[in-house]
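Novice: Hey, dropping structure.cif in here, mmCIF, C-alpha atoms:
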```cif
data_start
loop_
_atom_site.label_atom_id
_atom_site.label_comp_id
_atom_site.auth_asym_id
_atom_site.auth_seq_id
_atom_site.Cartn_x
_atom_site.Cartn_y
_atom_site.Cartn_z
CA MET A 265 0.00 0.00 0.00
CA GLU A 266 2.82 2.38 0.88
CA THR A 267 4.30 1.93 -2.62
CA TYR A 268 1.11 3.31 -4.15
CA ILE A 269 1.28 6.43 -2.03
CA TYR A 270 5.00 6.96 -2.69
CA ALA A 271 4.41 6.37 -6.41
CA PHE A 272 1.67 8.97 -6.43
CA LEU A 273 3.78 11.46 -4.49
CA PHE A 274 6.99 11.04 -6.49
CA CYS A 275 5.40 11.08 -9.94
CA GLY A 276 3.22 14.02 -8.92
CA PHE A 277 6.29 15.84 -7.64
CA VAL A 278 8.09 15.39 -10.96
CA CYS A 279 5.05 16.70 -12.85
CA MET A 280 4.69 19.66 -10.47
CA VAL A 281 8.33 20.66 -10.91
CA SER A 282 8.04 20.50 -14.70
CA GLN A 283 4.86 22.57 -14.65
CA LEU A 284 6.60 25.16 -12.45
CA ILE A 285 9.50 25.30 -14.90
CA LEU A 286 7.15 25.69 -17.88
CA ASP A 287 5.14 28.45 -16.24
CA ASN A 288 7.98 30.45 -14.77
CA THR A 289 10.84 30.18 -17.24
CA LYS A 290 11.24 30.54 -20.98
CA LEU A 291 12.19 26.87 -21.35
CA THR A 292 10.13 24.90 -23.86
CA PRO A 293 8.66 21.41 -23.25
CA GLY A 294 11.61 20.05 -25.25
CA HIS A 295 14.07 21.64 -22.82
CA VAL A 296 12.18 20.30 -19.82
CA THR A 297 12.11 16.74 -21.17
CA SER A 298 15.86 16.79 -21.85
CA LEU A 299 16.49 18.32 -18.44
CA PHE A 300 14.63 15.52 -16.69
CA VAL A 301 16.50 12.84 -18.65
CA ILE A 302 19.76 14.39 -17.46
CA ILE A 303 18.52 14.65 -13.88
CA GLY A 304 17.51 10.98 -13.97
CA ALA A 305 20.95 10.06 -15.26
CA PHE A 306 22.67 12.05 -12.53
CA LEU A 307 20.51 10.46 -9.85
CA ASP A 308 21.92 7.11 -10.90
CA ILE A 309 25.18 8.11 -9.20
CA PHE A 310 25.41 6.13 -5.92
CA GLY A 311 22.26 4.32 -7.03
CA ILE A 312 19.93 7.02 -5.71
CA TYR A 313 17.39 6.47 -8.47
CA ASP A 314 17.44 2.71 -7.85
CA LYS A 315 16.38 3.37 -4.29
CA ILE A 316 13.60 5.68 -5.46
CA VAL A 317 12.39 2.93 -7.82
CA LEU A 318 12.47 0.48 -4.92
CA TYR A 319 10.12 2.65 -2.87
CA CYS A 320 7.98 4.28 -5.53
CA GLY A 321 7.71 1.50 -8.12
CA ALA A 322 6.00 2.63 -11.29
CA GLY A 323 5.87 6.17 -9.92
CA ALA A 324 9.58 6.39 -10.67
CA ILE A 325 9.66 4.19 -13.78
CA ILE A 326 6.96 5.98 -15.79
CA PRO A 327 8.32 9.57 -15.82
CA ILE A 328 11.05 10.51 -18.30
CA THR A 329 13.67 10.64 -15.51
CA SER A 330 13.64 6.86 -15.67
CA PHE A 331 14.90 7.09 -19.26
CA GLY A 332 18.06 8.86 -18.15
CA HIS A 333 18.52 6.35 -15.37
CA LEU A 334 18.21 3.44 -17.81
CA LEU A 335 20.68 5.05 -20.24
CA ILE A 336 23.36 5.11 -17.54
CA HIS A 337 22.49 1.62 -16.33
CA GLY A 338 22.79 0.17 -19.83
CA ALA A 339 26.06 1.94 -20.47
CA MET A 340 27.62 0.96 -17.14
CA ASP A 341 26.55 -2.69 -17.40
CA VAL A 342 28.20 -3.23 -20.78
CA ALA A 343 31.18 -1.09 -19.75
CA THR A 344 31.95 -3.45 -16.86
CA GLU A 345 32.15 -6.34 -19.37
CA ASN A 346 33.75 -4.66 -22.40
CA GLY A 347 35.59 -1.63 -21.02
CA VAL A 348 35.30 1.92 -22.28
CA MET A 349 33.80 0.89 -25.63
CA GLY A 350 30.95 -0.62 -23.66
CA LEU A 351 29.77 2.87 -22.72
CA ALA A 352 28.84 3.57 -26.33
CA LEU A 353 27.71 0.01 -27.08
CA GLY A 354 25.44 -0.31 -24.11
CA ILE A 355 23.91 3.11 -23.69
CA PHE A 356 20.71 2.24 -25.55
CA ASP A 357 20.59 -1.42 -24.43
CA LEU A 358 17.80 -1.05 -21.90
CA THR A 359 15.93 1.73 -23.64
CA SER A 360 16.01 0.32 -27.17
CA ALA A 361 12.61 -1.31 -26.78
CA GLY A 362 11.05 2.03 -25.82
CA ILE A 363 12.73 3.87 -28.68
CA SER A 364 11.84 1.23 -31.29
CA VAL A 365 8.21 1.11 -30.21
CA ALA A 366 7.99 4.92 -30.26
CA VAL A 367 9.47 5.14 -33.77
CA CYS A 368 7.31 2.33 -35.19
CA MET A 369 4.10 3.51 -33.54
CA ALA A 370 4.70 7.08 -34.72
CA PHE A 371 5.13 5.80 -38.27
CA PHE A 372 1.99 3.68 -38.30
CA LEU A 373 -0.18 6.24 -36.52
CA ALA A 374 0.99 8.92 -38.94
CA LEU A 375 -0.15 6.67 -41.80
CA MET A 376 -3.56 6.15 -40.22
CA PHE A 377 -4.51 9.55 -38.85
CA LYS A 378 -4.59 13.21 -39.84
CA PRO A 379 -4.44 16.08 -37.33
CA LYS A 380 -7.86 17.62 -36.75
CA HIS A 381 -7.71 20.50 -34.29
CA MET B 263 3.87 60.22 -40.92
CA THR B 264 0.12 60.45 -41.26
CA VAL B 265 -1.52 60.67 -44.69
CA LYS B 266 -4.97 62.20 -45.12
CA PHE B 267 -7.33 60.87 -47.77
CA ASN B 268 -10.16 62.75 -49.46
CA ASN B 269 -12.02 60.25 -51.61
CA VAL B 270 -11.50 56.73 -50.30
CA TYR B 271 -14.65 54.86 -49.31
CA VAL B 272 -15.47 51.41 -48.03
CA SER B 273 -17.81 49.70 -50.48
CA ASP B 274 -18.43 46.23 -49.10
CA SER B 275 -16.72 43.27 -47.49
CA TYR B 276 -16.96 39.50 -47.37
CA THR B 277 -15.88 37.45 -44.37
CA ILE B 278 -15.48 33.71 -43.97
CA ALA B 279 -14.92 32.25 -40.52
CA SER B 280 -14.47 28.74 -39.24
CA VAL B 281 -15.07 26.31 -36.40
CA TYR B 282 -13.82 28.30 -33.40
CA GLU B 283 -15.13 31.68 -34.55
CA LYS B 284 -18.60 30.17 -34.92
CA ASP B 285 -18.66 29.52 -31.17
CA GLY B 286 -17.73 33.13 -30.44
CA PRO B 287 -19.93 36.19 -29.91
CA LEU B 288 -19.71 37.30 -33.57
CA SER B 289 -21.00 34.02 -35.04
CA SER B 290 -24.05 35.63 -36.67
CA CYS B 291 -22.05 38.48 -38.22
CA PHE B 292 -19.92 36.55 -40.71
CA ASP B 293 -21.01 36.27 -44.33
CA LYS B 294 -20.13 32.60 -44.38
CA VAL B 295 -18.99 30.01 -41.85
CA TYR B 296 -17.11 26.86 -42.87
CA ASP B 297 -17.68 24.81 -39.78
CA LYS B 298 -17.48 21.15 -40.74
CA ASP B 299 -13.77 20.82 -40.01
CA LEU B 300 -10.56 22.75 -40.67
CA TYR B 301 -9.87 21.16 -44.09
CA TYR B 302 -12.95 22.29 -46.10
CA GLY B 303 -12.57 19.30 -48.38
CA GLU B 304 -8.88 19.92 -49.13
CA ASP B 305 -5.97 17.63 -48.30
CA THR B 306 -3.87 19.95 -46.17
CA PHE B 307 -4.38 22.95 -43.91
CA GLU B 308 -2.29 25.12 -46.23
CA VAL B 309 -4.57 24.42 -49.19
CA ALA B 310 -7.58 24.90 -46.93
CA GLU B 311 -6.38 28.43 -46.12
CA GLU B 312 -5.88 29.12 -49.82
CA LYS B 313 -9.51 28.07 -50.37
CA LEU B 314 -10.72 30.42 -47.63
CA LEU B 315 -8.92 33.36 -49.19
CA PHE B 316 -9.92 32.51 -52.76
CA ASP B 317 -13.58 32.14 -51.79
CA SER B 318 -13.64 35.41 -49.86
CA ILE B 319 -12.27 37.37 -52.84
CA LYS B 320 -14.49 35.64 -55.41
CA LYS B 321 -17.63 36.02 -53.32
CA LEU B 322 -16.92 39.66 -52.56
CA ILE B 323 -16.75 40.35 -56.31
CA THR B 324 -20.05 38.51 -56.83
CA LYS B 325 -21.66 40.21 -53.83
CA THR B 326 -20.85 43.68 -55.18
CA ASN B 327 -22.10 42.82 -58.72
CA LEU B 328 -18.72 43.57 -60.25
CA VAL B 329 -16.54 41.59 -62.62
CA ASN B 330 -12.79 40.98 -62.42
CA LYS B 331 -11.90 43.81 -64.80
CA ASP B 332 -13.64 46.36 -62.57
CA ILE B 333 -11.08 45.64 -59.85
CA ASP B 334 -7.72 47.31 -60.38
CA TYR B 335 -5.72 45.45 -57.76
CA VAL B 336 -5.96 42.81 -55.09
CA ILE B 337 -3.64 43.51 -52.16
CA SER B 338 -3.30 40.48 -49.95
CA GLY B 339 -1.07 38.76 -47.44
CA ASP B 340 -1.11 35.98 -44.87
CA LEU B 341 1.10 34.10 -42.42
CA GLN B 342 2.35 31.27 -44.60
CA ASN B 343 5.94 31.17 -45.84
CA GLN B 344 6.29 33.52 -48.83
CA ILE B 345 2.61 34.51 -48.22
CA SER B 346 1.75 31.41 -50.20
CA ALA B 347 -1.96 31.31 -49.34
CA SER B 348 -2.34 34.63 -51.19
CA ASP B 349 0.07 33.75 -53.99
CA TYR B 350 -1.59 30.42 -54.71
CA ALA B 351 -5.15 31.74 -54.38
CA MET B 352 -4.39 34.50 -56.90
CA ARG B 353 -3.33 31.96 -59.56
CA ASN B 354 -6.96 31.64 -60.53
CA ILE B 355 -8.04 35.28 -60.32
CA ASP B 356 -7.03 37.48 -63.24
CA ILE B 357 -6.63 40.74 -61.35
CA PRO B 358 -3.25 42.44 -60.78
CA PHE B 359 -1.93 41.27 -57.43
CA LEU B 360 0.23 42.96 -54.82
CA GLY B 361 1.44 40.60 -52.12
CA VAL B 362 2.19 42.25 -48.79
CA TYR B 363 3.44 40.95 -45.47
CA GLY B 364 2.95 42.62 -42.12
CA ALA B 365 2.19 39.55 -40.00
CA CYS B 366 -0.99 40.28 -38.04
CA SER B 367 -0.98 43.90 -39.24
CA THR B 368 -1.24 42.81 -42.89
CA PHE B 369 -4.82 44.00 -43.31
CA GLY B 370 -3.91 47.49 -42.08
CA LEU B 371 -0.88 47.56 -44.36
CA GLY B 372 -3.09 46.58 -47.30
CA LEU B 373 -5.65 49.26 -46.47
CA LEU B 374 -2.91 51.88 -46.15
CA ILE B 375 -1.37 51.02 -49.54
CA GLY B 376 -4.77 50.63 -51.20
CA SER B 377 -6.07 53.95 -49.89
CA ASN B 378 -3.00 55.70 -51.28
CA PHE B 379 -3.63 54.17 -54.71
CA ILE B 380 -7.24 55.33 -54.73
CA ASP B 381 -6.60 58.76 -53.24
CA GLY B 382 -3.81 59.28 -55.78
CA LYS B 383 -6.32 58.39 -58.54
CA LYS B 384 -4.19 55.44 -59.62
CA ALA B 385 -7.08 53.02 -59.04
CA ASN B 386 -10.86 53.12 -58.82
CA ASN B 387 -11.71 49.90 -57.03
CA LEU B 388 -9.41 47.56 -55.22
CA ILE B 389 -9.71 44.64 -52.88
CA VAL B 390 -7.68 44.22 -49.70
CA SER B 391 -7.63 40.66 -48.36
CA THR B 392 -6.05 38.58 -45.71
CA SER B 393 -6.41 35.15 -44.21
CA SER B 394 -5.01 32.98 -41.48
CA HIS B 395 -5.50 29.41 -40.38
CA ASN B 396 -4.95 28.24 -36.84
CA MET B 397 -3.21 24.98 -37.70
CA VAL B 398 -1.02 26.53 -40.40
CA ALA B 399 0.13 29.32 -38.08
CA GLU B 400 0.87 26.86 -35.29
CA ARG B 401 3.03 24.83 -37.66
CA GLN B 402 4.67 27.99 -38.98
CA PHE B 403 5.40 29.79 -35.74
CA ARG B 404 4.57 27.87 -32.59
CA ASN B 405 3.55 24.33 -31.70
CA PRO B 406 2.20 22.02 -34.37
CA THR B 407 -0.45 19.60 -33.10
CA GLU B 408 2.09 16.79 -33.30
CA TYR B 409 4.26 18.54 -30.70
CA GLY B 410 1.54 17.82 -28.16
CA ALA B 411 2.74 20.34 -25.57
CA PRO B 412 0.77 22.52 -23.15
CA LYS B 413 0.63 26.23 -23.99
CA LYS B 414 1.32 29.26 -21.85
CA LYS B 415 -1.49 31.50 -20.71
CA THR B 416 0.03 34.48 -22.54
CA THR B 417 -0.28 32.57 -25.82
CA THR B 418 -2.84 33.88 -28.30
CA TRP B 419 -5.05 31.74 -30.51
CA THR B 420 -4.66 32.28 -34.25
CA ALA B 421 -8.07 32.85 -35.82
CA THR B 422 -9.13 30.84 -38.86
CA GLY B 423 -10.83 32.60 -41.73
CA ALA B 424 -10.47 35.07 -44.55
CA ALA B 425 -11.71 38.62 -45.02
CA SER B 426 -11.83 40.78 -48.13
CA ILE B 427 -12.88 44.39 -48.34
CA LEU B 428 -13.57 46.48 -51.44
CA ILE B 429 -12.42 50.08 -51.25
CA THR B 430 -13.39 52.53 -53.92
CA ASN B 431 -13.49 56.19 -54.98
CA LYS B 432 -17.29 56.11 -55.31
CA LYS B 433 -19.04 57.87 -52.45
CA GLY B 434 -20.25 55.56 -49.72
CA LYS B 435 -21.29 55.66 -46.13
CA ILE B 436 -17.90 54.99 -44.56
CA ARG B 437 -14.83 56.95 -45.55
CA ILE B 438 -11.19 56.13 -44.86
CA THR B 439 -9.91 59.49 -43.72
CA SER B 440 -6.28 59.00 -42.79
CA ALA B 441 -3.58 56.44 -42.17
CA THR B 442 -0.39 56.34 -40.18
CA ALA B 443 2.30 53.89 -41.22
CA GLY B 444 4.04 52.11 -38.38
CA ILE B 445 7.67 52.34 -37.33
CA VAL B 446 9.29 49.04 -36.40
CA GLN B 447 9.66 48.76 -32.64
CA ASP B 448 11.51 46.29 -30.46
CA ALA B 449 10.81 45.91 -26.77
CA GLY B 450 13.64 43.38 -26.38
CA ILE B 451 11.30 40.44 -25.81
CA THR B 452 12.32 37.01 -27.13
CA ASP B 453 9.30 34.97 -26.00
CA VAL B 454 7.16 33.88 -28.98
CA ASN B 455 4.39 32.94 -26.59
CA ASN B 456 3.88 36.51 -25.42
CA MET B 457 2.96 38.45 -28.53
CA GLY B 458 0.80 40.96 -26.65
CA ALA B 459 3.84 42.31 -24.82
CA VAL B 460 5.87 42.32 -28.05
CA MET B 461 3.30 44.35 -30.02
CA ALA B 462 1.94 46.75 -27.40
CA ILE B 463 4.89 49.11 -27.85
CA ALA B 464 4.26 49.36 -31.61
CA ALA B 465 0.57 50.12 -31.05
CA ALA B 466 1.45 52.76 -28.45
CA ASP B 467 3.92 54.46 -30.78
CA THR B 468 1.58 54.47 -33.79
CA ILE B 469 -1.43 55.77 -31.84
CA ARG B 470 0.70 58.49 -30.25
CA ARG B 471 2.11 59.63 -33.60
CA HIS B 472 -1.31 59.49 -35.25
CA LEU B 473 -2.88 61.72 -32.59
CA ASN B 474 0.11 64.10 -32.61
CA ASP B 475 0.20 64.41 -36.41
CA LEU B 476 -3.50 65.22 -36.64
CA LYS B 477 -3.40 67.31 -33.45
CA ILE B 478 -6.40 65.51 -32.00
CA ASP B 479 -7.19 63.93 -28.67
CA ALA B 480 -7.86 60.22 -28.14
CA SER B 481 -11.46 61.12 -27.32
CA TYR B 482 -11.91 62.27 -30.95
CA TYR B 483 -12.54 58.62 -31.77
CA ASP B 484 -15.59 56.69 -30.61
CA LEU B 485 -13.48 53.59 -30.71
CA ILE B 486 -9.77 52.86 -30.88
CA LEU B 487 -9.34 49.26 -31.93
CA THR B 488 -6.02 47.41 -31.70
CA GLY B 489 -5.46 44.19 -33.62
CA ASP B 490 -4.61 41.24 -31.45
CA LEU B 491 -2.88 42.28 -28.24
CA GLY B 492 -4.95 39.96 -26.06
CA ILE B 493 -5.64 40.32 -22.35
CA TYR B 494 -2.06 41.08 -21.31
CA GLY B 495 -1.06 43.21 -24.29
CA LYS B 496 -4.14 45.34 -23.74
CA LYS B 497 -3.11 46.02 -20.15
CA ILE B 498 0.44 46.82 -21.22
CA LEU B 499 -0.80 49.26 -23.89
CA ILE B 500 -3.04 51.07 -21.40
CA ASP B 501 -0.02 51.35 -19.09
CA TYR B 502 2.16 52.77 -21.88
CA MET B 503 -0.54 55.25 -22.84
CA ASN B 504 -1.03 56.38 -19.26
CA GLU B 505 2.65 57.27 -19.17
CA LEU B 506 2.18 59.29 -22.36
CA GLU B 507 -0.83 60.91 -20.70
CA ILE B 508 -3.21 59.62 -23.36
CA ASP B 509 -6.42 58.35 -21.83
CA LEU B 510 -7.69 55.13 -23.41
CA SER B 511 -9.99 54.10 -20.59
CA LYS B 512 -13.27 55.00 -22.33
CA ASN B 513 -12.96 54.14 -25.98
CA TYR B 514 -10.38 51.40 -26.35
CA GLU B 515 -10.93 47.76 -27.24
CA ASP B 516 -8.86 44.94 -28.70
CA CYS B 517 -10.09 42.74 -31.58
CA GLY B 518 -8.47 39.70 -29.94
CA LEU B 519 -10.94 40.03 -27.08
CA ILE B 520 -13.98 40.60 -29.32
CA LEU B 521 -13.69 37.64 -31.69
CA TYR B 522 -13.86 34.94 -29.01
CA ASP B 523 -15.62 34.57 -25.70
CA ILE B 524 -12.51 34.56 -23.53
CA ASN B 525 -14.28 33.10 -20.52
CA LYS B 526 -16.00 30.24 -22.30
CA GLN B 527 -13.62 29.34 -25.11
CA ASN B 528 -10.21 27.90 -24.37
CA VAL B 529 -8.25 30.47 -26.37
CA TYR B 530 -5.67 31.49 -23.73
CA SER B 531 -5.23 35.28 -23.82
CA GLY B 532 -7.34 35.98 -26.94
CA ALA B 533 -7.49 35.77 -30.70
CA SER B 534 -4.64 36.67 -33.05
CA GLY B 535 -3.62 36.34 -36.66
CA PRO B 536 -4.07 38.81 -39.52
CA VAL B 537 -7.66 37.72 -40.01
CA CYS B 538 -8.58 38.36 -36.37
CA SER B 539 -8.64 42.15 -36.72
CA ALA B 540 -9.96 41.91 -40.30
CA LEU B 541 -12.91 39.71 -39.26
CA VAL B 542 -13.82 41.97 -36.34
CA LEU B 543 -13.54 45.12 -38.45
CA CYS B 544 -15.44 43.87 -41.51
CA SER B 545 -18.10 41.70 -39.90
CA HIS B 546 -18.79 43.75 -36.79
CA ILE B 547 -17.33 47.25 -36.45
CA LEU B 548 -18.09 48.55 -39.96
CA LYS B 549 -21.67 47.26 -39.65
CA GLU B 550 -22.03 49.00 -36.29
CA MET B 551 -20.75 52.18 -37.94
CA GLU B 552 -23.41 51.89 -40.65
CA LYS B 553 -26.03 51.45 -37.96
CA GLY B 554 -24.75 54.58 -36.27
CA LYS B 555 -23.22 53.18 -33.10
CA TYR B 556 -19.77 54.55 -33.93
CA LYS B 557 -18.96 57.60 -36.01
CA ARG B 558 -15.18 57.57 -35.90
CA VAL B 559 -13.05 54.50 -35.46
CA LEU B 560 -9.27 54.22 -35.39
CA PHE B 561 -8.20 50.75 -36.49
CA VAL B 562 -4.69 49.80 -35.34
CA PRO B 563 -3.77 46.24 -36.35
CA THR B 564 -0.53 45.10 -34.73
CA GLY B 565 1.98 42.61 -36.05
CA ALA B 566 4.97 40.77 -34.65
CA ILE B 567 7.16 40.62 -37.71
CA PHE B 568 9.53 37.89 -36.67
CA SER B 569 11.25 35.01 -38.35
CA PRO B 570 11.23 31.66 -36.51
CA THR B 571 14.88 31.17 -37.49
CA ARG B 572 15.88 34.43 -35.82
CA VAL B 573 13.92 33.44 -32.72
CA PHE B 574 15.97 30.23 -32.48
CA GLN B 575 19.07 32.41 -32.79
CA LYS B 576 17.78 34.32 -29.74
CA SER B 577 17.13 37.65 -31.49
CA SER B 578 14.45 39.79 -29.88
CA ILE B 579 11.14 40.19 -31.73
CA PRO B 580 10.34 43.34 -33.75
CA SER B 581 6.78 44.56 -34.09
CA ILE B 582 4.80 47.08 -36.14
CA ALA B 583 1.36 48.68 -36.08
CA HIS B 584 -0.46 50.72 -38.71
CA ALA B 585 -3.34 53.06 -37.93
CA ILE B 586 -6.28 53.51 -40.30
CA SER B 587 -9.05 55.96 -39.48
CA PHE B 588 -12.64 55.27 -40.57
CA GLU B 589 -15.36 57.90 -40.37
CA VAL B 590 -19.05 57.82 -41.16
CA VAL B 591 -19.94 60.38 -43.81
CA ILE B 592 -22.88 62.49 -42.72
#
```
In structure tokens, what does this structure look like?
Specialist:
Amino acid sequence: METYIYAFLFCGFVCMVSQLILDNTKLTPGHVTSLFVIIGAFLDIFGIYDKIVLYCGAGAIIPITSFGHLLIHGAMDVATENGVMGLALGIFDLTSAGISVAVCMAFFLALMFKPKH
Amino acid sequence: MTVKFNNVYVSDSYTIASVYEKDGPLSSCFDKVYDKDLYYGEDTFEVAEEKLLFDSIKKLITKTNLVNKDIDYVISGDLQNQISASDYAMRNIDIPFLGVYGACSTFGLGLLIGSNFIDGKKANNLIVSTSSHNMVAERQFRNPTEYGAPKKKTTTWTATGAASILITNKKGKIRITSATAGIVQDAGITDVNNMGAVMAIAAADTIRRHLNDLKIDASYYDLILTGDLGIYGKKILIDYMNELEIDLSKNYEDCGLILYDINKQNVYSGASGPVCSALVLCSHILKEMEKGKYKRVLFVPTGAIFSPTRVFQKSSIPSIAHAISFEVVI
């Protein structure tokens, strides 16, 4: 039960911060998304984000910060096996499914639909 | 500088509005409403805007019982790259064409040029047109639908439609008496989502110069009408004018706040786009003048004349406003 509450609080907190940034700065949604990816990646230092995932579950996996965290994880995992080259080889290991699905879905949806309003 | 005209009259106008405008307070004033969707049977939004503009010019000519050769020029502009809605629409109309660009002030720019032609006896009848399309303008300047991002509350909502007006040297009820061309202003603002703040300074400068040149007070006009400043731009303009000791509290309104019902429709801080001020002027204000509600109206469409590329390079946004004065002939 606690996980649900933490998930709600953490994910809500991320959304609140991004809304505050959008309303009070000149940054565009593109900037904010990139910013959160970088923050997620930084939080992977000392495994902070892993701990957040442990407590908040999907609340930490759904927001874009998780993407940054997975980039670092993928890179570090392969780097421990293959050395420095592993950083480049592994960076998209864990996120490739997400990226592939996004690209393919965007393609098929664009074939099917037209913008309306 | 302000130019006075002696024999320039408004003959008639034709306005076409679309889905969002139909839900606004002026819905019954437009000559035609295309409200099925935003495509009007065309494949793309760009072609749809071309159709709006083409139809408004064609139907104005029919409405006034004229033929193409009676019209000396069509002066038109819009928000698409290379004003392509106007260029492409004019392919099928055999009238000499002058393409103009003044962003949302295009209609005022067209009226100013057209009035000079007629007053200088270089033309007898000419049509001034403009159009804009919400989805085209979003793709051109702001967030295309595909971007799927929330908008800021200072954002304005580009109106969809086309308006054409016929001005002539034959005596009519409404006369265009003078016009003041704008000077490009820059308030140092780089935010494309805050056009009201960008353009207010241009409106302030043009109104001030217009009143000074003619040595009249703001109260000379029954209505001073800016183009598309929106809620925030309107406040900023009133502030500017207070500092210049020009009182706008009684007779000032903004077209961006007339076209839509700001409280009911989700249009952020108001309407914008070149057709916003043109629709309000042609479908509402000029008709009210004929009915006798207003005798003198100063029309000040404002435009943010920026290039998206320069915005990405962090240049601040220049703006311009032209003032056109309409008076009822007694």
Novice: Could you pull the residues within 7 Å of Ile355 of chain A, counting all atoms listed in the file, minus those fewer than 5 positions along the same chain, as number ranges by chain?
Specialist: A: 335-336, 338-339
Novice: Pick out the closest residue to chain B from this set: A:Leu351, A:Ile285, A:Val365, A:Ile312. Count all atoms listed in the file.
Specialist: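 Residue with the minimum atom-to-atom distance to chain B: A:Ile285.
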Novice: On this structure, the PyMOL selection byres ((chain B) within 12 of (chain A)) would catch which residues? List them as a ChimeraX atom specification, sorted by chain and number.
Specialist: /B:280-282,298-302,305-307,395-398,400-401,404-417,422,451-456,574,576
Novice: Save out the residues we just selected, C-alpha atoms, as a tab-separated table (two decimals), in the coordinates of the input.
Specialist:
```tsv
chain	number	residue	atom	x	y	z
B	280	SER	CA	-14.47	28.74	-39.24
B	281	VAL	CA	-15.07	26.31	-36.40
B	282	TYR	CA	-13.82	28.30	-33.40
B	298	LYS	CA	-17.48	21.15	-40.74
B	299	ASP	CA	-13.77	20.82	-40.01
B	300	LEU	CA	-10.56	22.75	-40.67
B	301	TYR	CA	-9.87	21.16	-44.09
B	302	TYR	CA	-12.95	22.29	-46.10
B	305	ASP	CA	-5.97	17.63	-48.30
B	306	THR	CA	-3.87	19.95	-46.17
B	307	PHE	CA	-4.38	22.95	-43.91
B	395	HIS	CA	-5.50	29.41	-40.38
B	396	ASN	CA	-4.95	28.24	-36.84
B	397	MET	CA	-3.21	24.98	-37.70
B	398	VAL	CA	-1.02	26.53	-40.40
B	400	GLU	CA	0.87	26.86	-35.29
B	401	ARG	CA	3.03	24.83	-37.66
B	404	ARG	CA	4.57	27.87	-32.59
B	405	ASN	CA	3.55	24.33	-31.70
B	406	PRO	CA	2.20	22.02	-34.37
B	407	THR	CA	-0.45	19.60	-33.10
B	408	GLU	CA	2.09	16.79	-33.30
B	409	TYR	CA	4.26	18.54	-30.70
B	410	GLY	CA	1.54	17.82	-28.16
B	411	ALA	CA	2.74	20.34	-25.57
B	412	PRO	CA	0.77	22.52	-23.15
B	413	LYS	CA	0.63	26.23	-23.99
B	414	LYS	CA	1.32	29.26	-21.85
B	415	LYS	CA	-1.49	31.50	-20.71
B	416	THR	CA	0.03	34.48	-22.54
B	417	THR	CA	-0.28	32.57	-25.82
B	422	THR	CA	-9.13	30.84	-38.86
B	451	ILE	CA	11.30	40.44	-25.81
B	452	THR	CA	12.32	37.01	-27.13
B	453	ASP	CA	9.30	34.97	-26.00
B	454	VAL	CA	7.16	33.88	-28.98
B	455	ASN	CA	4.39	32.94	-26.59
B	456	ASN	CA	3.88	36.51	-25.42
B	574	PHE	CA	15.97	30.23	-32.48
B	576	LYS	CA	17.78	34.32	-29.74
```
Novice: At a cut-off of 10 Å from (-22.0, 46.6, -43.9) in the coordinates of the file, what residues are picked up using only C-alpha atoms, written as a list in words?
Specialist: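 Protein and nucleic acid residues near the point are Val272, Ser273, Asp274, Ser275, Tyr276, Cys291, Lys435, Ile436, Cys544, Ser545, His546, Ile547, Leu548, Lys549, Glu550, Met551, Glu552 and Lys553 of chain B.
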Novice: Can you tell me how far atom CA of Cys275 of chain A sits from atom CA of Phe331 of chain A, in Å to one decimal?
Specialist: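 If I compute the distance from atom CA of Cys275 of chain A to atom CA of Phe331 of chain A, I get 13.9 Å.
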Novice: Given the file shown, enumerate the residues that the PyMOL selection byres ((chain B and resi 503) around 12) captures and present them as a PyMOL selection string.
Specialist: chain B and resi 462-471+473+480+496-502+504-511+514
Novice: Restricting the calculation to all atoms listed in the file, which member of A:Phe300, A:Tyr319, A:Phe371, A:Phe310 is positioned closest to Met265 of chain A?
Specialist: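 Answer, going by the shortest atom-to-atom distance: A:Tyr319.
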Novice: Do you have the atom CA of Gly554 of chain B-atom CA of Gly434 of chain B distance handy?
Specialist: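 Between atom CA of Gly554 of chain B and atom CA of Gly434 of chain B the gap is 14.2 Å.
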Novice: List the neighbours of Glu283 of chain B out to 8 Å using all atoms listed in the file; skip same-chain residues closer than 5 positions along the sequence, and give me the result as a ChimeraX atom specification.
Specialist: /B:288-289,421-422,521-522
Novice: Let's have the selection written as an mmCIF file, keeping the file's coordinate frame, with C-alpha atoms.
Specialist:
```
data_model
loop_
_atom_site.group_PDB
_atom_site.id
_atom_site.type_symbol
_atom_site.label_atom_id
_atom_site.label_comp_id
_atom_site.auth_asym_id
_atom_site.auth_seq_id
_atom_site.Cartn_x
_atom_site.Cartn_y
_atom_site.Cartn_z
ATOM 1 C CA LEU B 288 -19.710 37.300 -33.570
ATOM 2 C CA SER B 289 -21.000 34.020 -35.040
ATOM 3 C CA ALA B 421 -8.070 32.850 -35.820
ATOM 4 C CA THR B 422 -9.130 30.840 -38.860
ATOM 5 C CA LEU B 521 -13.690 37.640 -31.690
ATOM 6 C CA TYR B 522 -13.860 34.940 -29.010
#
```
Novice: If the box runs along x, y and z of the file and leaves 6 Å on each side of segment 533-539 of chain B, what are its centre and edge lengths in Å, one decimal, as lines of an AutoDock Vina configuration file?
Specialist:
```
center_x = -6.1
center_y = 39.0
center_z = -35.4
size_x = 17.0
size_y = 18.4
size_z = 21.3
```
Novice: Go ahead and compute the interatomic distance for atom CA of Leu318 of chain A and atom CA of Gly350 of chain A, in Å to one decimal.
Specialist: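 Taking atom CA of Leu318 of chain A and atom CA of Gly350 of chain A, their separation equals 26.3 Å.
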Novice: For segment 340-348 of chain A, find every residue with an atom within 12 Å (counting all atoms listed in the file), except residues of its own chain fewer than 3 positions away, and show them as a PyMOL selection string.
Specialist: chain A and resi 305+308-309+311+333-337+351-358
